[in-house]
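Q: Below is the structure I would like to discuss, written out as structure tokens.
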Amino acid sequence: MRGLEKATLRDAGIVVVLSVLAALSFNTLRGAGSIPLVAREAYRILVPCPEPVGEVELILASEVRWGGARELVLDARLVQERRVWATDQALHVPFDFLEPVSDETLAELVASNAARVVVFGDGLVPDSGHELARELAGRGMVNVFSVEGGWPAVRAALEPGNGELQP
Amino acid sequence: MSRYTAWRGHAWLALPLRLYLGGVFLLACSHKILHPSSFALDVATYQLLPLELINLQALVLPWVELLTGLMLVLAFRTRAAALLINAMMVMFIVALVWALLQGLDMGCGCFASEGGDDPISWRTIVRDSIWLAMGLYIQIFDRRPLGLDRLFMRRNDA
């Protein structure tokens, strides 16, 4: 190896050593804001991978055929959200922004042989019901609709005396 | 030294490249040095390194960027600085290609924890490849860089 290359490698090595020393010193001296040299637990990283989602149509809660033989209504809200109000006319399939619907659940929904799948959610922006409907449509289900306004609209349709609530 | 590398004009051609590349690295390191935890998260997001090495890399890499950036701007031990910068660029490009092939939809983390504001793409790889080409030019052709190195060479010659 020629002298110039040797000197370059030596200098590069010195820079790396100096960087390590500076990094460790700075990290030790800074107190708050320093990080351990070795992470104690795995980082909770959220990397959204492209999930297949389809487009679904919005319908009004009054257009849902409640009790219809081939109408499958899904409640996409979380368990704690359903404590406020829930209807036994809807199947509970909670939507999770991180976890896709399991294959088993999807198979059950397909096996229901429903002509139309209607989903309602929390009525927020984004609406969990609409997101679940898009996920189901993206995974091959057809005739999937989401209820505009979410559960407050559904409640108002099923229990007209209560009026429509804000989500 | 071949007549291609011996040409005196290289120093003048390399000068703007050196200042630009050095500036890029100085710009890139500041946020990472001040916010190592968010940079560590950026490193972790690439899912390339084992957990044991993530924090070490997040702590040391910005300091290498700082020192090499300064060295390039000042033309001090220029070839060593360029060598390290080229090594880092190769590392970044490999990480980016890996992330894109995995289909990860994430921020680059190159200059700050930008989240989705600066999402990685093939354009990011083209940009880094251009920077790598600049670094290689400096490393190979800038034998008498305009700056401290030339000053020391003159003293040694005298």
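Each chain of the structure tokens is named A, B, ... in the order shown, its residues numbered from 1; ligands are numbered from 1 in display order.
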Please return as a ChimeraX atom specification: the residues of chain B that backbone DSSP assigns to alpha helix (DSSP H).
A: /B:3-6,9-34,36-45,51-74,78-101,122-141,148-157
Q: Show me, as a compact mmCIF listing (two decimals) with C-alpha atoms, in the first residue's frame, the residues that have an atom within 8 Å of segment 5-18 of chain B when counting only C-alpha atoms, minus same-chain residues fewer than 3 positions from it.
A:
# COMPACT_ATOMS: atom_id res chain seq x y z
CA MET B 1 0.46 10.11 -10.21
CA SER B 2 -1.19 9.91 -13.62
CA LEU B 21 -20.68 18.47 0.29
CA GLY B 22 -19.09 19.70 3.51
CA LEU B 72 -13.93 19.03 3.78
CA VAL B 73 -14.80 22.71 4.08
CA ALA B 75 -9.56 21.13 3.19
CA MET B 134 -18.84 14.25 -5.81
CA GLY B 135 -17.08 12.57 -2.90
CA TYR B 137 -14.12 13.00 -7.40
CA ILE B 138 -12.70 14.81 -4.38
CA ILE B 140 -9.45 10.67 -6.31
CA PHE B 141 -8.62 13.94 -8.03
CA ASP B 142 -8.29 16.65 -5.39
CA ARG B 143 -4.63 15.95 -4.54
CA ARG B 144 -3.67 19.50 -3.67
CA PRO B 145 -6.93 20.91 -2.28
CA LEU B 146 -7.27 24.63 -1.82
Q: Based on the backbone DSSP call, show me all residues of segment 23-100 of chain A assigned strand (DSSP E or B), as a list in words.
A: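 Those in segment 23-100 of chain A that DSSP calls strand (DSSP E or B) are Glu57, Leu58, Ile59, Glu71, Leu72, Val73, Leu74, Asp75, Leu91 and His92 of chain A.
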Q: Taking only C-alpha atoms into account and nothing else, which residues of chain A lie no more than 12 Å away from chain B? Please answer as a ChimeraX atom specification.
A: /A:2,4-28,30,32-51
Q: Please, could you write that set of residues out with C-alpha atoms as a PDB file, in the first residue's frame?
A:
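File produced: out35.pdb:
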ATOM      1  CA  ARG A   2       1.382   3.370  -0.937  1.00  0.00           C
ATOM      2  CA  LEU A   4      -0.648   8.270   0.597  1.00  0.00           C
ATOM      3  CA  GLU A   5      -3.274   5.563   1.003  1.00  0.00           C
ATOM      4  CA  LYS A   6      -1.781   4.512   4.320  1.00  0.00           C
ATOM      5  CA  ALA A   7      -1.916   8.072   5.582  1.00  0.00           C
ATOM      6  CA  THR A   8      -5.503   8.454   4.357  1.00  0.00           C
ATOM      7  CA  LEU A   9      -6.610   5.305   6.174  1.00  0.00           C
ATOM      8  CA  ARG A  10      -4.739   6.358   9.301  1.00  0.00           C
ATOM      9  CA  ASP A  11      -6.390   9.791   9.240  1.00  0.00           C
ATOM     10  CA  ALA A  12      -9.808   8.260   8.666  1.00  0.00           C
ATOM     11  CA  GLY A  13      -9.254   5.952  11.622  1.00  0.00           C
ATOM     12  CA  ILE A  14      -8.278   8.905  13.801  1.00  0.00           C
ATOM     13  CA  VAL A  15     -11.447  10.773  12.778  1.00  0.00           C
ATOM     14  CA  VAL A  16     -13.590   7.777  13.711  1.00  0.00           C
ATOM     15  CA  VAL A  17     -11.871   7.428  17.090  1.00  0.00           C
ATOM     16  CA  LEU A  18     -12.260  11.151  17.773  1.00  0.00           C
ATOM     17  CA  SER A  19     -15.923  10.943  16.781  1.00  0.00           C
ATOM     18  CA  VAL A  20     -16.532   8.061  19.166  1.00  0.00           C
ATOM     19  CA  LEU A  21     -14.825   9.961  21.999  1.00  0.00           C
ATOM     20  CA  ALA A  22     -16.722  13.170  21.238  1.00  0.00           C
ATOM     21  CA  ALA A  23     -20.038  11.332  20.957  1.00  0.00           C
ATOM     22  CA  LEU A  24     -19.598   9.448  24.227  1.00  0.00           C
ATOM     23  CA  SER A  25     -18.367  12.537  26.098  1.00  0.00           C
ATOM     24  CA  PHE A  26     -21.166  14.728  24.790  1.00  0.00           C
ATOM     25  CA  ASN A  27     -23.747  12.090  25.592  1.00  0.00           C
ATOM     26  CA  THR A  28     -22.420  11.671  29.122  1.00  0.00           C
ATOM     27  CA  ARG A  30     -25.504  16.434  28.469  1.00  0.00           C
ATOM     28  CA  ALA A  32     -31.108  15.056  30.165  1.00  0.00           C
ATOM     29  CA  GLY A  33     -31.536  14.069  26.549  1.00  0.00           C
ATOM     30  CA  SER A  34     -28.741  11.510  26.627  1.00  0.00           C
ATOM     31  CA  ILE A  35     -29.464   7.982  25.491  1.00  0.00           C
ATOM     32  CA  PRO A  36     -28.033   4.665  26.725  1.00  0.00           C
ATOM     33  CA  LEU A  37     -25.261   3.196  24.597  1.00  0.00           C
ATOM     34  CA  VAL A  38     -27.312   0.082  24.099  1.00  0.00           C
ATOM     35  CA  ALA A  39     -31.082   0.383  23.816  1.00  0.00           C
ATOM     36  CA  ARG A  40     -32.780  -1.507  26.627  1.00  0.00           C
ATOM     37  CA  GLU A  41     -35.929  -2.315  24.716  1.00  0.00           C
ATOM     38  CA  ALA A  42     -36.897  -2.450  21.071  1.00  0.00           C
ATOM     39  CA  TYR A  43     -37.931   0.826  19.488  1.00  0.00           C
ATOM     40  CA  ARG A  44     -41.627   1.150  18.845  1.00  0.00           C
ATOM     41  CA  ILE A  45     -41.411   1.998  15.215  1.00  0.00           C
ATOM     42  CA  LEU A  46     -44.432   2.711  13.128  1.00  0.00           C
ATOM     43  CA  VAL A  47     -43.713   2.180   9.483  1.00  0.00           C
ATOM     44  CA  PRO A  48     -46.917   2.159   7.521  1.00  0.00           C
ATOM     45  CA  CYS A  49     -46.644  -0.484   4.852  1.00  0.00           C
ATOM     46  CA  PRO A  50     -48.885   0.016   1.882  1.00  0.00           C
ATOM     47  CA  GLU A  51     -52.083  -1.906   2.657  1.00  0.00           C
TER      48      GLU A  51
END
Q: Measuring atom to atom with only C-alpha atoms, identify which of B:Leu70, B:Gly109, B:Gly147, B:Asn86 is nearest to Thr124 of chain B.
A: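 Of the candidates, the smallest distance to Thr124 of chain B is held by B:Gly109.
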Q: Under the rule that only C-alpha atoms are counted, which of A:Asp122, A:Glu63, A:Asp127, A:Glu55 is the nearest residue to Gln80 of chain A?
A: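 The shortest atom-to-atom distance to Gln80 of chain A comes from A:Asp122.
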